[in-house]
Amino acid sequence: MKPGRKPKVHWVSPIPEANTDIAHYTYRILPELAAATDLTVWTDARHWDRAVDAICPVRKLDPHRTLPRDFARSGHGDGPDAIFIHIGNSWVFHSGLLQLARRVPSVIVLHDLAIQEMLHDALRFAGFPRDTYEAEMLRWHGEAGLAAAQDMLNHRLGANVLSETYPGFHLALDRAVAVLSHTPAAFEAVKTTGIVPSYQLDLPFRPSTRAPSARRAQDGPLRLVQFGHIGPNRRLWEVLEALGPLRGEIDFRLDIMGNVWDRALLSEKLERFGLESRVTVHGFVPEPELDAALAEAHLVFNLRYPTMGEASGSQLRIWNASAAAVVTDLGWYGSLPDDTVFKIPLEGETSALQDLVRRVNADRSLGATLGQTGRARLEARHTPALYAQGIAEIAELFPEDAAQSLHARRIRETLAKAPQKTPLYETALKKRLLR
C-alpha cells in the first residue's frame, strides 16, 4: 500500500435499523473501519439509521441489478475496489445479498456455515430459483445431496437437519474472491474446498469504556438470562426442562430477552414445566436494558446445537458485562478457554445444567473469575481496531485473490464440461488449480 493511501472497501451488510446482530456488529466497527479504509457502506434496505451516514457514505443497492462498475463509480482514489458481502442465516437480511454474491466477485464474510434455513426461506419468500438451488446441491454434493435437498423442499426433512450434513455455504462460493470467517471450524471448512483463499479474524465487539463492577446479588433470587434471536438450536426448551424440577428447590428468575421463534409454544412449555411465575418474557429490548440485565446475571445460557462454524456476538456481549455463561461443548464454543465459560456436553445436558445451576446458587461468586477472564479476552483479541486493520490487509490482497479465484473458476467450468471426467484428467486439472 502506498504511504497515505487507504484501500477502497465496499461493505455490503445489514445496518441499523435492521434488527440483527450482523447489523449491530457492522455499526460497532464503522469508526475504526472508516479510519483504516476508504469505506462505503451498501444496503438493500429501504430505511436505515441515519447515524451511519455520519460515519461514512451509505449507498442503496438492488441485489438483482447492481454491477461491479456501480461499486467502482462510487469509490474514491485510484486503488482497486474490494467488495465485502455479508452472508448469515436469516432470509430477511441475506437472501438478496446471496443473490448479489452469486453475480458480483467479492470477499464473502461468512457468519454461518449452516445457511440451509436461509436458503429454504429464500426459496419460499424471496424468489430464489429452485432450479439454481437444486443444481448447486447436485454440483457440490452429488445425487445424495440433491435427494436430501428435495426431501427438504417436499417437507420430508427440516432445513436445520439438512444443515448438519450439507450446511449450504458452498452456494455462496462460486464467484467469491475470498472468504472471511470468524472461527477455526469455518476457516478450515472453506479452506478444504480448495477454490478460494480463506481468512480468519476474531469477531469484533467494542468493549464498554469501563469493565462493569460486581453488582450481582449475594442473596435473593438467582438471576438467570437467555437472550438474542432464539431459534430451535438455542436450546431454550432444554433449559426450561432442566429448570422445571428445580423450582421447588432454588429461588430463581429467568429473563428471556429477544425474539423467540415460537411464542405460542413457549407459553405452552412454561405452563408444562410450571415456570410461569419464574420466567419473564421481555421480547426484544434496547441494548442498555440488556446490558443491565447481564451485569446482574449470575448465569447466562448461551447453548447451541447444532452449531456449524459460527462465532457468537452474544458471547462477546456476555464477556463485556463480565458475566458467566454456559455453552455447549461443541464448535467455536468448545474451543473457548475453559477459564472463560462454563462448558457442558450435549449428552447428559439436562443433568449437567441442573448441577451447574445448583453450584452457582450455592456459591454466587463462582462465575466472577470466569467473567473477568472473559472480559480480558474480549479486550485483548476482539477490539474493532484490530478487526479493521485485518480488513484493510485483506482488501489490499483483493486483486491478487481475484486473479486466483478466477483461475479456479475456469478450471471448475472446464471440469464441468468434460464429457468423461476420468480420474487422470481431474487430477491434472486440479494440479493446475493448486499452482
# chains A, B, ... in the order shown; residues from 1 in each chain; ligands from 1
$ closest_atom_pairs --of "stretch 293-408 of chain A" --to "stretch 79-101 of chain A" --cutoff "12 Å" --atoms "only C-alpha atoms" --output "tab-separated table"
residue	atom	partner	partner_atom	distance
A:Met308	CA	A:Asn89	CA	11.0
A:Gly309	CA	A:Gly88	CA	11.5
A:Glu310	CA	A:Gly88	CA	9.4
A:Ala311	CA	A:Gly88	CA	11.4
A:Ile391	CA	A:Phe84	CA	9.4
A:Ala392	CA	A:Ala82	CA	9.5
A:Glu393	CA	A:Ala82	CA	10.8
A:Ile394	CA	A:Ala82	CA	8.7
A:Ala395	CA	A:Ala82	CA	5.4
A:Glu396	CA	A:Ala82	CA	7.9
A:Leu397	CA	A:Ala82	CA	8.8
A:Phe398	CA	A:Ala82	CA	5.9
A:Pro399	CA	A:Pro80	CA	7.1
A:Glu400	CA	A:Pro80	CA	10.7
A:Asp401	CA	A:Ala82	CA	10.4
A:Ala402	CA	A:Ala82	CA	9.6
$ residues_around --residues "stretch 193-195 of chain A" --least-positions-apart "5" --cutoff "10 Å" --atoms "only C-alpha atoms" --output "VMD selection string"
chain A and resid 140 170 173 to 174 176 to 178 188 404 to 409 411 to 412 430 433 to 434
$ closest_residue --among "A:Thr183, A:Ser277, A:Thr37, A:Thr373" --to "A:Gly244" --atoms "only C-alpha atoms"
A:Ser277
$ residues_around --residues "stretch 365-370 of chain A" --least-positions-apart "3" --cutoff "6 Å" --atoms "only C-alpha atoms" --output "PyMOL selection string"
chain A and resi 324+339-340+360+373
$ residues_around --residues "stretch 203-209 of chain A" --least-positions-apart "4" --cutoff "6 Å" --atoms "only C-alpha atoms" --output "count of residues only"
5
$ atom_distance --atom1 "atom CA of A:Tyr25" --atom2 "atom CA of A:Ala114"
19.2 Å
$ select_by_dssp --residues "stretch 279-397 of chain A" --states "strand (DSSP E)" --output "mmCIF file with C-alpha atoms, in the first residue's frame"
data_model
loop_
_atom_site.group_PDB
_atom_site.id
_atom_site.type_symbol
_atom_site.label_atom_id
_atom_site.label_comp_id
_atom_site.auth_asym_id
_atom_site.auth_seq_id
_atom_site.Cartn_x
_atom_site.Cartn_y
_atom_site.Cartn_z
ATOM 1 C CA VAL A 279 -39.836 -16.638 33.834
ATOM 2 C CA THR A 280 -40.321 -13.189 32.313
ATOM 3 C CA VAL A 281 -40.524 -12.994 28.516
ATOM 4 C CA HIS A 282 -39.469 -9.481 27.526
ATOM 5 C CA GLY A 283 -39.198 -9.757 23.750
ATOM 6 C CA LEU A 299 -25.562 -17.213 34.845
ATOM 7 C CA VAL A 300 -26.350 -16.674 31.151
ATOM 8 C CA PHE A 301 -27.474 -19.519 28.899
ATOM 9 C CA ALA A 325 -22.064 -18.049 30.503
ATOM 10 C CA VAL A 326 -22.755 -21.719 29.998
ATOM 11 C CA VAL A 327 -22.121 -23.019 26.471
ATOM 12 C CA THR A 328 -22.403 -26.325 24.659
ATOM 13 C CA PHE A 342 -18.791 -22.992 31.711
ATOM 14 C CA LYS A 343 -18.989 -25.897 29.235
ATOM 15 C CA ILE A 344 -21.464 -28.756 29.295
#
$ closest_residue --among "A:Leu39, A:Arg50, A:Tyr199, A:Arg375" --to "A:Gly390" --atoms "only C-alpha atoms"
A:Tyr199
$ residues_around --residues "A:Cys56" --least-positions-apart "2" --cutoff "9 Å" --atoms "only C-alpha atoms" --output "tab-separated table (two decimals) with C-alpha atoms, in the first residue's frame"
chain	number	residue	atom	x	y	z
A	30	LEU	CA	-17.59	1.50	11.50
A	31	PRO	CA	-15.47	4.28	13.10
A	34	ALA	CA	-13.66	4.17	8.20
A	38	ASP	CA	-11.76	4.36	2.14
A	39	LEU	CA	-15.14	3.00	3.19
A	40	THR	CA	-18.57	2.95	1.57
A	41	VAL	CA	-21.43	1.00	3.18
A	52	VAL	CA	-24.48	5.52	9.93
A	53	ASP	CA	-24.26	8.34	7.35
A	54	ALA	CA	-22.43	10.45	9.91
A	58	VAL	CA	-24.14	4.87	2.65
$ atom_distance --atom1 "atom CA of A:Val9" --atom2 "atom CA of A:Val107"
10.4 Å
$ atom_distance --atom1 "atom CA of A:Ala321" --atom2 "atom CA of A:Gly348"
28.7 Å
$ closest_residue --among "A:Glu289, A:Asp355, A:Asp151, A:Asp219" --to "A:Pro245" --atoms "only C-alpha atoms"
A:Asp355
$ residues_around --residues "A:Leu294" --least-positions-apart "2" --cutoff "9 Å" --atoms "only C-alpha atoms" --output "ChimeraX atom specification"
/A:224-225,289-292,296-300,317-318,321-323
$ closest_residue --among "A:Ala242, A:Ala217, A:Ala380, A:Leu153" --to "A:Ala295" --atoms "only C-alpha atoms"
A:Ala217
$ closest_residue --among "A:Ala352, A:Leu316, A:Val161, A:Met152" --to "A:Asp329" --atoms "only C-alpha atoms"
A:Ala352
$ closest_residue --among "A:His229, A:Arg175, A:Ile55, A:Thr43" --to "A:Tyr27" --atoms "only C-alpha atoms"
A:Ile55
